[in-house]
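input.txt (compact mmCIF, C-alpha atoms) appears below.
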```txt
# COMPACT_ATOMS: atom_id res chain seq x y z
CA MET A 1 95.77 88.29 112.27
CA SER A 2 93.71 89.35 109.26
CA PRO A 3 95.15 88.80 105.77
CA TRP A 4 95.20 92.57 105.35
CA ARG A 5 97.36 93.01 108.40
CA ARG A 6 99.60 90.17 107.40
CA GLN A 7 100.09 91.08 103.73
CA GLY A 8 98.60 94.47 103.12
CA TRP A 9 100.90 96.73 105.04
CA LEU A 10 104.35 95.78 103.89
CA PRO A 11 103.82 96.24 100.14
CA LEU A 12 101.98 99.48 100.84
CA LEU A 13 104.79 100.73 103.04
CA ALA A 14 107.36 99.68 100.45
CA LEU A 15 105.38 101.48 97.78
CA LEU A 16 105.18 104.67 99.85
CA LEU A 17 108.87 104.55 100.74
CA GLY A 18 109.80 103.66 97.17
CA ALA A 19 107.80 106.53 95.78
CA ALA A 20 109.27 108.97 98.26
CA GLY A 21 112.96 108.70 97.41
CA PRO A 22 115.22 108.52 94.37
CA ARG A 23 115.29 105.18 92.58
CA SER A 24 118.56 103.75 91.28
CA GLY A 25 118.66 102.55 87.68
CA PHE A 26 119.54 99.17 89.24
CA GLU A 27 115.91 98.76 90.33
CA THR A 28 114.54 98.83 86.79
CA MET A 29 117.15 96.55 85.18
CA THR A 30 116.43 92.94 84.26
CA PRO A 31 117.18 90.32 86.96
CA GLU A 32 119.99 89.02 84.71
CA LEU A 33 121.76 92.39 84.67
CA GLN A 34 121.20 92.84 88.40
CA ALA A 35 122.83 89.45 88.96
CA MET A 36 125.76 90.44 86.71
CA GLN A 37 126.33 93.59 88.75
CA ARG A 38 126.07 91.76 92.08
CA ASP A 39 128.52 89.01 91.16
CA ASP A 40 132.06 90.39 91.45
CA ALA A 41 133.37 87.50 89.36
CA GLY A 42 130.92 88.29 86.54
CA ASN A 43 130.81 92.10 86.77
CA PRO A 44 133.05 93.35 83.93
CA GLY A 45 133.61 96.64 85.79
CA MET A 46 135.60 94.79 88.44
CA LEU A 47 138.47 94.46 85.97
CA SER A 48 138.90 98.23 86.11
CA VAL A 49 138.67 98.23 89.90
CA LEU A 50 141.51 95.69 90.03
CA GLU A 51 143.52 97.68 87.47
CA GLY A 52 142.93 100.77 89.62
CA GLU A 53 144.11 98.96 92.73
CA ALA A 54 147.38 98.05 91.02
CA LEU A 55 147.85 101.63 89.74
CA PHE A 56 147.06 103.01 93.18
CA ALA A 57 150.01 101.04 94.58
CA ARG A 58 152.34 101.60 91.63
CA GLU A 59 151.79 105.34 91.26
CA GLY A 60 152.50 106.06 94.89
CA CYS A 61 148.95 106.93 95.98
CA ALA A 62 149.25 104.27 98.68
CA ALA A 63 152.17 106.14 100.23
CA CYS A 64 149.68 108.68 101.63
CA HIS A 65 146.27 106.97 101.36
CA ALA A 66 145.37 103.72 103.05
CA ALA A 67 142.68 102.10 100.92
CA ALA A 68 140.50 101.64 104.01
CA ALA A 69 140.57 105.40 104.61
CA LEU A 70 139.01 105.94 101.16
CA ARG A 71 135.77 104.38 102.35
CA GLY A 72 133.08 107.06 102.18
CA VAL A 73 135.07 109.52 100.04
CA ALA A 74 133.16 108.95 96.78
CA ALA A 75 129.85 109.31 98.62
CA ARG A 76 130.81 112.90 99.54
CA TYR A 77 131.84 114.06 96.03
CA PRO A 78 131.57 116.45 94.27
CA ALA A 79 132.97 118.41 97.19
CA HIS A 80 133.71 122.08 97.83
CA ASP A 81 137.28 122.99 96.99
CA ALA A 82 138.54 126.06 98.83
CA ALA A 83 141.27 126.85 96.29
CA ARG A 84 138.78 126.80 93.42
CA GLY A 85 135.99 128.38 95.42
CA GLY A 86 133.61 125.82 93.98
CA PRO A 87 133.01 122.15 93.33
CA ILE A 88 135.61 119.58 92.40
CA ASP A 89 134.58 116.10 91.35
CA LEU A 90 136.29 112.83 92.17
CA ALA A 91 138.03 112.65 88.79
CA GLY A 92 139.30 116.22 89.25
CA ARG A 93 140.56 115.48 92.75
CA ILE A 94 142.40 112.34 91.68
CA ALA A 95 143.99 114.21 88.76
CA GLU A 96 145.05 117.10 91.00
CA CYS A 97 146.49 114.79 93.64
CA ARG A 98 148.39 112.73 91.08
CA GLU A 99 149.93 115.75 89.41
CA GLN A 100 150.55 118.11 92.34
CA ARG A 101 151.34 115.72 95.19
CA ALA A 102 152.68 112.61 93.44
CA GLY A 103 154.32 114.59 90.61
CA ARG A 104 152.93 112.32 87.92
CA PRO A 105 152.35 113.50 84.33
CA PRO A 106 148.68 114.37 83.64
CA LEU A 107 146.37 111.68 82.37
CA PRO A 108 143.41 112.50 80.12
CA ARG A 109 140.22 112.58 82.18
CA GLU A 110 138.62 109.62 80.46
CA SER A 111 141.70 107.53 79.76
CA GLN A 112 141.53 103.94 80.96
CA PRO A 113 144.08 104.46 83.80
CA MET A 114 142.07 107.46 85.12
CA LEU A 115 138.81 105.51 84.91
CA ALA A 116 140.51 102.61 86.68
CA LEU A 117 141.80 104.80 89.53
CA GLN A 118 138.39 106.42 89.86
CA SER A 119 136.68 103.01 89.87
CA PHE A 120 138.98 101.74 92.59
CA VAL A 121 138.45 104.82 94.78
CA ALA A 122 134.67 104.89 94.26
CA HIS A 123 134.41 101.14 94.82
CA GLN A 124 135.69 101.65 98.37
CA SER A 125 132.37 103.42 99.09
CA ARG A 126 130.14 100.73 97.59
CA GLY A 127 126.93 100.49 99.62
CA LEU A 128 127.36 103.83 101.39
CA PRO A 129 124.66 106.48 100.87
CA ILE A 130 125.39 109.59 98.83
CA THR A 131 125.81 112.50 101.24
CA PRO A 132 125.91 115.80 99.33
CA ASP A 133 128.34 118.49 100.43
CA PRO A 134 126.24 121.24 102.06
CA ARG A 135 128.69 123.91 100.81
CA LEU A 136 127.69 123.30 97.20
CA ALA A 137 124.20 124.81 97.37
CA GLU A 138 125.05 127.49 94.81
CA ALA A 139 126.51 125.03 92.31
CA ARG A 140 123.54 122.72 92.79
CA ALA A 141 121.12 125.57 92.06
CA GLU A 142 122.96 126.31 88.81
CA GLY A 143 123.00 122.59 88.04
CA GLU A 144 119.26 122.36 88.57
CA ARG A 145 118.75 125.28 86.20
CA LEU A 146 120.73 123.38 83.55
CA PHE A 147 118.79 120.19 84.36
CA ARG A 148 115.50 121.96 83.64
CA GLU A 149 116.66 124.00 80.63
CA ARG A 150 115.47 122.72 77.26
CA ARG A 151 118.36 122.43 74.83
CA GLY A 152 119.53 121.18 71.50
CA GLN A 153 117.77 120.93 68.17
CA LEU A 154 115.24 118.56 69.76
CA ASN A 155 114.64 121.12 72.53
CA LEU A 156 114.43 118.71 75.47
CA SER A 157 115.54 119.10 79.07
CA CYS A 158 117.04 116.45 81.34
CA ALA A 159 114.00 116.87 83.61
CA GLN A 160 111.46 116.11 80.89
CA CYS A 161 112.77 112.57 80.42
CA HIS A 162 114.50 111.69 83.69
CA GLU A 163 111.96 113.26 86.05
CA THR A 164 108.54 113.62 84.40
CA LEU A 165 108.78 110.64 82.02
CA ALA A 166 111.05 108.31 84.04
CA GLY A 167 109.64 104.79 83.83
CA GLY A 168 108.34 105.38 80.29
CA ARG A 169 109.87 103.87 77.20
CA LEU A 170 111.98 105.85 74.74
CA ALA A 171 111.86 103.59 71.70
CA GLY A 172 112.63 100.20 73.26
CA ALA A 173 114.50 101.49 76.30
CA ASN A 174 113.25 102.13 79.81
CA ILE A 175 113.93 105.72 80.91
CA PRO A 176 115.69 105.68 84.30
CA GLU A 177 115.70 108.56 86.77
CA GLY A 178 119.28 109.23 85.72
CA HIS A 179 121.19 108.95 89.00
CA PRO A 180 124.99 109.07 89.13
CA ASN A 181 125.52 106.53 91.93
CA GLY A 182 127.18 103.76 89.91
CA TYR A 183 129.96 105.54 87.98
CA PRO A 184 132.34 104.71 86.55
CA LEU A 185 130.11 101.89 85.31
CA TYR A 186 130.11 99.14 82.73
CA ARG A 187 127.54 99.80 80.04
CA LEU A 188 126.56 97.01 77.66
CA GLU A 189 125.82 99.59 74.95
CA TRP A 190 129.44 100.77 75.20
CA GLN A 191 130.95 97.34 75.78
CA ALA A 192 133.18 99.26 78.16
CA LEU A 193 133.46 101.01 81.48
CA GLY A 194 132.79 104.72 81.19
CA SER A 195 132.33 107.93 83.13
CA LEU A 196 129.30 110.00 84.06
CA GLN A 197 130.61 112.61 81.59
CA ARG A 198 130.47 110.06 78.81
CA ARG A 199 126.89 109.21 79.71
CA LEU A 200 125.94 112.90 79.78
CA ARG A 201 127.54 113.36 76.36
CA GLY A 202 125.29 110.58 75.08
CA CYS A 203 122.17 112.42 76.20
CA PHE A 204 123.38 115.82 74.95
CA THR A 205 124.29 114.33 71.58
CA GLY A 206 120.92 112.58 71.51
CA VAL A 207 119.03 115.86 71.74
CA ARG A 208 121.55 117.35 69.28
CA ALA A 209 123.01 119.76 71.83
CA GLU A 210 126.63 120.79 72.33
CA PRO A 211 127.92 118.67 75.26
CA LEU A 212 129.25 120.42 78.37
CA ALA A 213 133.05 120.29 78.52
CA PRO A 214 134.08 117.78 81.23
CA GLY A 215 135.43 119.61 84.26
CA SER A 216 133.91 122.94 83.18
CA PRO A 217 131.94 124.94 85.77
CA ALA A 218 128.68 124.01 84.01
CA ALA A 219 129.53 120.29 83.97
CA LEU A 220 130.54 120.40 87.64
CA ALA A 221 127.35 122.26 88.57
CA LEU A 222 125.22 119.65 86.78
CA GLU A 223 127.18 116.86 88.45
CA ALA A 224 126.70 118.50 91.87
CA TYR A 225 122.94 118.73 91.24
CA LEU A 226 122.73 115.10 90.07
CA PHE A 227 124.46 113.90 93.25
CA GLY A 228 122.21 116.19 95.30
CA ARG A 229 119.03 114.70 93.86
CA ALA A 230 120.45 111.20 94.38
CA ALA A 231 121.09 111.83 98.10
CA GLY A 232 120.73 108.63 100.08
CA LEU A 233 121.21 106.24 97.15
CA PRO A 234 124.04 103.78 97.74
CA ILE A 235 127.23 104.01 95.68
CA GLU A 236 127.22 101.00 93.32
CA THR A 237 130.59 101.39 91.60
CA PRO A 238 131.18 99.54 89.42
CA ALA A 239 127.52 99.40 88.38
CA VAL A 240 126.36 97.54 85.27
CA ARG A 241 123.78 99.16 83.00
CA PRO A 242 122.16 98.25 79.68
CA MET B 1 103.99 142.81 67.58
CA ARG B 2 103.23 139.25 68.67
CA ARG B 3 101.62 138.53 65.33
CA ALA B 4 104.75 139.57 63.49
CA LEU B 5 106.91 137.08 65.35
CA PRO B 6 106.02 133.86 63.50
CA ALA B 7 106.90 135.37 60.17
CA LEU B 8 110.33 136.34 61.51
CA VAL B 9 110.80 132.91 63.03
CA PHE B 10 110.00 131.09 59.85
CA ALA B 11 112.06 133.54 57.83
CA SER B 12 115.07 132.40 59.87
CA VAL B 13 114.90 129.00 58.17
CA ALA B 14 113.62 130.37 54.88
CA GLY B 15 117.08 130.00 53.33
CA LEU B 16 116.19 126.35 52.98
CA ALA B 17 112.81 126.95 51.40
CA GLN B 18 110.66 129.72 50.11
CA ALA B 19 107.86 128.59 52.42
CA GLU B 20 106.53 130.87 55.09
CA PRO B 21 103.88 128.87 56.91
CA VAL B 22 100.71 130.80 57.62
CA VAL B 23 98.98 129.76 60.83
CA VAL B 24 95.18 129.89 60.84
CA GLY B 25 93.67 128.89 64.18
CA ASP B 26 95.28 125.60 65.19
CA ALA B 27 96.41 124.72 61.68
CA ILE B 28 98.65 125.60 58.74
CA PRO B 29 96.06 124.88 56.01
CA ALA B 30 98.29 125.55 52.99
CA PRO B 31 100.96 123.01 51.97
CA LEU B 32 104.53 124.29 52.27
CA THR B 33 105.54 123.00 48.81
CA ALA B 34 103.99 123.22 45.36
CA ALA B 35 104.42 119.47 44.81
CA PRO B 36 102.18 117.33 47.03
CA GLY B 37 103.72 115.15 49.76
CA GLU B 38 104.30 111.46 49.08
CA PRO B 39 102.92 109.08 51.78
CA ALA B 40 105.46 106.29 51.11
CA ARG B 41 108.36 108.69 51.61
CA GLY B 42 106.63 110.06 54.71
CA ARG B 43 106.28 106.58 56.18
CA ALA B 44 110.02 105.99 55.69
CA ILE B 45 110.81 109.28 57.48
CA VAL B 46 108.51 108.42 60.39
CA ALA B 47 110.06 104.93 60.71
CA ASP B 48 113.64 106.25 60.56
CA ARG B 49 114.81 107.02 64.09
CA THR B 50 117.60 109.28 62.86
CA ARG B 51 115.39 111.39 60.57
CA GLY B 52 111.81 111.66 61.80
CA LEU B 53 112.64 110.28 65.26
CA CYS B 54 108.86 109.88 65.70
CA LEU B 55 108.95 106.29 67.00
CA LEU B 56 111.25 107.24 69.85
CA CYS B 57 108.16 108.70 71.57
CA HIS B 58 105.07 107.66 69.54
CA PRO B 59 103.75 104.16 68.88
CA ALA B 60 102.67 103.87 65.25
CA PRO B 61 101.17 101.18 62.98
CA ILE B 62 104.61 100.32 61.53
CA PRO B 63 104.88 96.68 62.65
CA GLU B 64 108.37 96.01 61.28
CA GLU B 65 109.78 98.60 63.71
CA ARG B 66 109.70 96.69 66.97
CA PHE B 67 111.02 99.27 69.39
CA GLN B 68 108.50 102.06 69.70
CA GLY B 69 108.16 104.56 72.52
CA ASN B 70 105.14 105.12 74.74
CA LEU B 71 105.75 108.74 75.76
CA ALA B 72 103.30 110.35 73.34
CA PRO B 73 99.93 109.50 71.73
CA SER B 74 99.74 106.68 69.19
CA LEU B 75 99.86 107.78 65.57
CA ALA B 76 97.25 105.13 64.71
CA GLY B 77 94.13 106.99 63.56
CA VAL B 78 95.81 110.40 63.74
CA GLY B 79 94.64 111.12 60.19
CA ALA B 80 91.05 110.73 61.36
CA ARG B 81 91.55 112.89 64.43
CA LEU B 82 93.39 115.79 62.77
CA THR B 83 93.19 117.51 59.40
CA PRO B 84 96.32 117.82 57.23
CA GLY B 85 96.51 121.49 58.24
CA GLN B 86 96.38 120.60 61.94
CA LEU B 87 99.03 117.90 61.44
CA ARG B 88 101.20 120.44 59.58
CA LEU B 89 101.20 122.96 62.46
CA ARG B 90 101.91 120.21 65.00
CA LEU B 91 104.96 119.18 62.98
CA VAL B 92 106.18 122.69 62.12
CA ASP B 93 106.03 124.02 65.69
CA SER B 94 103.88 122.30 68.30
CA ARG B 95 104.87 124.97 70.82
CA ARG B 96 102.38 127.25 69.12
CA LEU B 97 99.62 125.10 70.66
CA ASN B 98 101.32 124.12 73.92
CA PRO B 99 104.52 125.87 75.05
CA GLU B 100 105.28 122.94 77.38
CA THR B 101 104.97 120.26 74.71
CA LEU B 102 107.53 117.46 74.54
CA MET B 103 107.23 117.51 70.75
CA PRO B 104 110.21 119.18 69.05
CA ALA B 105 109.51 121.86 66.45
CA TYR B 106 110.38 120.17 63.16
CA PHE B 107 110.50 123.34 61.09
CA SER B 108 111.52 126.14 63.44
CA THR B 109 114.84 127.00 65.01
CA ALA B 110 113.40 129.79 67.15
CA GLY B 111 114.39 129.93 70.80
CA LEU B 112 116.66 126.87 70.75
CA VAL B 113 119.52 126.75 73.29
CA GLY B 114 122.91 125.05 72.99
CA VAL B 115 122.34 123.44 69.60
CA ALA B 116 125.35 121.35 68.49
CA ASP B 117 127.40 122.89 65.68
CA ALA B 118 126.39 120.23 63.16
CA TRP B 119 122.71 121.20 63.55
CA GLN B 120 123.06 124.96 63.97
CA GLY B 121 120.42 126.97 62.13
CA ARG B 122 118.87 123.86 60.59
CA PRO B 123 115.34 122.67 61.23
CA ILE B 124 114.88 118.93 61.94
CA LEU B 125 113.11 118.33 58.60
CA ARG B 126 113.04 120.12 55.26
CA VAL B 127 109.71 121.40 53.93
CA GLU B 128 109.48 118.55 51.41
CA GLU B 129 109.90 116.08 54.26
CA ILE B 130 107.25 117.87 56.35
CA GLU B 131 104.81 117.50 53.45
CA ASP B 132 105.71 113.81 53.00
CA VAL B 133 105.08 113.13 56.70
CA VAL B 134 101.77 115.06 56.65
CA ALA B 135 100.70 113.04 53.60
CA TYR B 136 101.56 109.76 55.35
CA LEU B 137 99.92 110.67 58.68
CA ALA B 138 96.74 111.70 56.82
CA THR B 139 96.46 108.09 55.59
CA LEU B 140 96.37 106.72 59.17
CA ARG B 141 92.60 106.72 59.53
CA ASP B 142 92.00 103.85 61.94
```
Go ahead and express the file in the form of structure tokens.
Amino acid sequence: MSPWRRQGWLPLLALLLGAAGPRSGFETMTPELQAMQRDDAGNPGMLSVLEGEALFAREGCAACHAAAALRGVAARYPAHDAARGGPIDLAGRIAECREQRAGRPPLPRESQPMLALQSFVAHQSRGLPITPDPRLAEARAEGERLFRERRGQLNLSCAQCHETLAGGRLAGANIPEGHPNGYPLYRLEWQALGSLQRRLRGCFTGVRAEPLAPGSPAALALEAYLFGRAAGLPIETPAVRP
Amino acid sequence: MRRALPALVFASVAGLAQAEPVVVGDAIPAPLTAAPGEPARGRAIVADRTRGLCLLCHPAPIPEERFQGNLAPSLAGVGARLTPGQLRLRLVDSRRLNPETLMPAYFSTAGLVGVADAWQGRPILRVEEIEDVVAYLATLRD
């Protein structure tokens, strides 16, 4: 077998496949951070997953939902909600279920107990590919419009950095493609676990734009588009990011 | 009609300065302030990632700032490549030369969408700061 046949094909194939699909931010992290995410004993996000597991039992979620049946759910969100006639995200669904079915008092969207519940539910889908809801085409189109719209005093769009310039360096930081497959995730910059909405606020604030209100139609449309463009990427919750 | 637009645009931020930049070709030849820009102040603005923000995208010969971007051309030698007037237009509103440019308009609020309340109606830099940055960039000759 020639050296070319032995060594030439696989890297080339990997390159072609790699270039063809979305690339998780995991791929461009340092080996140390990748190891931190992989090791459940060292991944700080696992604390929230465990807290979520305890809440799930204590708040009565487990009365209806077997944890095993949650496998795959996060990979399908945001999903179409018939009552709303549009998308609902995982955080919205958990909040609705808690309040309407379990009769619990509302929790703020980004409170630690809500993040913990969301982490626990999303963690059940770890490793499963994102499978966008086909009924959300309209929301995704609106989300893509927002993704490509330049905004803020610095007049930048999501697409300019996270599509065209992904892989470049903004000051000292690598620009990732900006996929939502690891949320809620532990971010070293935050020293905390946080939501996709929090991450989006960071970018909006960075370009000096008014952030989208979490749970608003615009925020849900953008979220639906982000999950659509990340189709096939595995859920990593709880991911670790710099 | 098209020619009248820039004057209107610049008038929208004229509350902050009496300047009304006059574009000639690919440059704004006349300084925007009576007092000349100060290169040392300009260097500080360029190095400051909350004021000039330049180093987020551009590498520049400012060795004490370790984290510099690589998304835009190096500022090293920019003073030899461009005249002060050309630098001035690129700072004031680079979109005049390339509508698709990544470079924010540092002294125009025209056409911006969704600007946060704290920055509403304000350009990124004041005219004095624009002149300081032009004066600094003009010194970068190699």
* **Residue list as a list of chain:residue names for point (133.5, 105.0, 103.9), cut-off 6 Å, all atoms listed in the file** =>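 Residues lying no farther than 6 Å from the given point: A:Arg71, A:Gly72, A:Ser125.
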* To do: Compute the chain B side of the contact with chain A at 10 Å, counting only C-alpha atoms, and hand it back as a PyMOL selection string.
  => chain B and resi 49-50+53-59+65-72+100-106+108-124
* To do: Go through B:Ile28, B:Ala35, B:Ala76, B:Leu125 one by one, measure the shortest atom-to-atom distance of each to Arg90 (chain B) using all atoms listed in the file, and give the residue with the smallest value.
  =>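 Using all atoms listed in the file, the shortest distance to Arg90 (chain B) belongs to B:Ile28.
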* Pull the neighbourhood of (98.7, 124.9, 54.9) for me: all residues within 12 Å in file coordinates, counting all atoms listed in the file, as a ChimeraX atom specification. => /B:19-34,36,83-92,127,130-131,134
Which residues are near Gly77 (chain B)? Cut-off 10 Å, all atoms listed in the file, ignore same chain within fewer than 3 positions. Put them as a short mmCIF file (atom, residue, chain, number, x, y, z; two decimals) with C-alpha atoms, in the frame of the given file.
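Saved as around.cif:
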```cif
data_model
loop_
_atom_site.label_atom_id
_atom_site.label_comp_id
_atom_site.auth_asym_id
_atom_site.auth_seq_id
_atom_site.Cartn_x
_atom_site.Cartn_y
_atom_site.Cartn_z
CA ALA B 60 102.67 103.87 65.25
CA PRO B 61 101.17 101.18 62.98
CA SER B 74 99.74 106.68 69.19
CA ALA B 80 91.05 110.73 61.36
CA ARG B 81 91.55 112.89 64.43
CA LEU B 82 93.39 115.79 62.77
CA LEU B 137 99.92 110.67 58.68
CA ALA B 138 96.74 111.70 56.82
CA THR B 139 96.46 108.09 55.59
CA LEU B 140 96.37 106.72 59.17
CA ARG B 141 92.60 106.72 59.53
CA ASP B 142 92.00 103.85 61.94
#
```
* Quick one, how far is CA of Ala47 (chain B) from CA of Glu129 (chain B)? ->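 These atoms are spaced 12.9 Å apart.
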* Can you pull out every residue within 7 Å of region 230-232 of chain A, counting all atoms listed in the file, but drop anything in the same chain fewer than 4 positions away, and send it as a list in words? => Pro22, Pro129, Ile130, Thr131, Pro132, His179 and Leu226 of chain A
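Shortest separation to Ser111 (chain A) among A:Asn181, A:Gln124, A:Thr164, A:Ser195 occurs at residue A:Ser195, atoms counted being all atoms listed in the file.
Around Arg135 (chain A), within 10 Å and counting only C-alpha atoms, the residues found are Ala79, His80, Asp81, Gly86, Pro87 and Arg140 of chain A, once anything fewer than 5 positions away on its own chain is removed.
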Write the selection just made, keeping C-alpha atoms, as a PDB file, in the frame of the given file?
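Heads up, here's the output in selection-v5.pdb:
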```
ATOM      1  CA  ALA A  79     132.970 118.410  97.190  1.00  0.00           C
ATOM      2  CA  HIS A  80     133.710 122.080  97.830  1.00  0.00           C
ATOM      3  CA  ASP A  81     137.280 122.990  96.990  1.00  0.00           C
ATOM      4  CA  GLY A  86     133.610 125.820  93.980  1.00  0.00           C
ATOM      5  CA  PRO A  87     133.010 122.150  93.330  1.00  0.00           C
ATOM      6  CA  ARG A 140     123.540 122.720  92.790  1.00  0.00           C
TER       7      ARG A 140
END
```
* Tell me, in Å to one decimal, how far CA of Glu59 (chain A) is from CA of Ala116 (chain A). =>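 Computing the Euclidean distance for CA of Glu59 (chain A) and CA of Ala116 (chain A) yields 12.5 Å.
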Please, what is the axis-aligned box for every listed atom of region 206-215 of chain A with 4 Å on each side, as centre and edge lengths in Å to one decimal, as lines of an AutoDock Vina configuration file?
```
center_x = 127.2
center_y = 116.7
center_z = 76.8
size_x = 24.4
size_y = 16.2
size_z = 23.0
```
* Kindly give the distance, in Å, that separates CA of Gly178 (chain A) and CA of Arg229 (chain A), rounded to a single decimal. =>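 Distance between the two atoms: 9.8 Å.
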* Within 12 Å of Glu27 (chain A), counting all atoms listed in the file, which residues show up once you throw out same-chain ones fewer than 3 positions away? Write them as a list in words, please. =>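 Using all atoms listed in the file, the neighbours found are Gly18, Pro22, Arg23, Ser24, Thr30, Pro31, Glu32, Leu33, Gln34, Ala35, Gln37, Gly167, Asn174, Ile175, Pro176, Glu177, Gly178, His179, Leu233, Glu236, Ala239, Val240 and Arg241 of chain A.
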* Nearby residues (all atoms listed in the file) at most 9 Å from region 97-102 of chain A, same-chain spacing under 5 positions excluded, as number ranges by chain -> A: 59-61, 92, 107
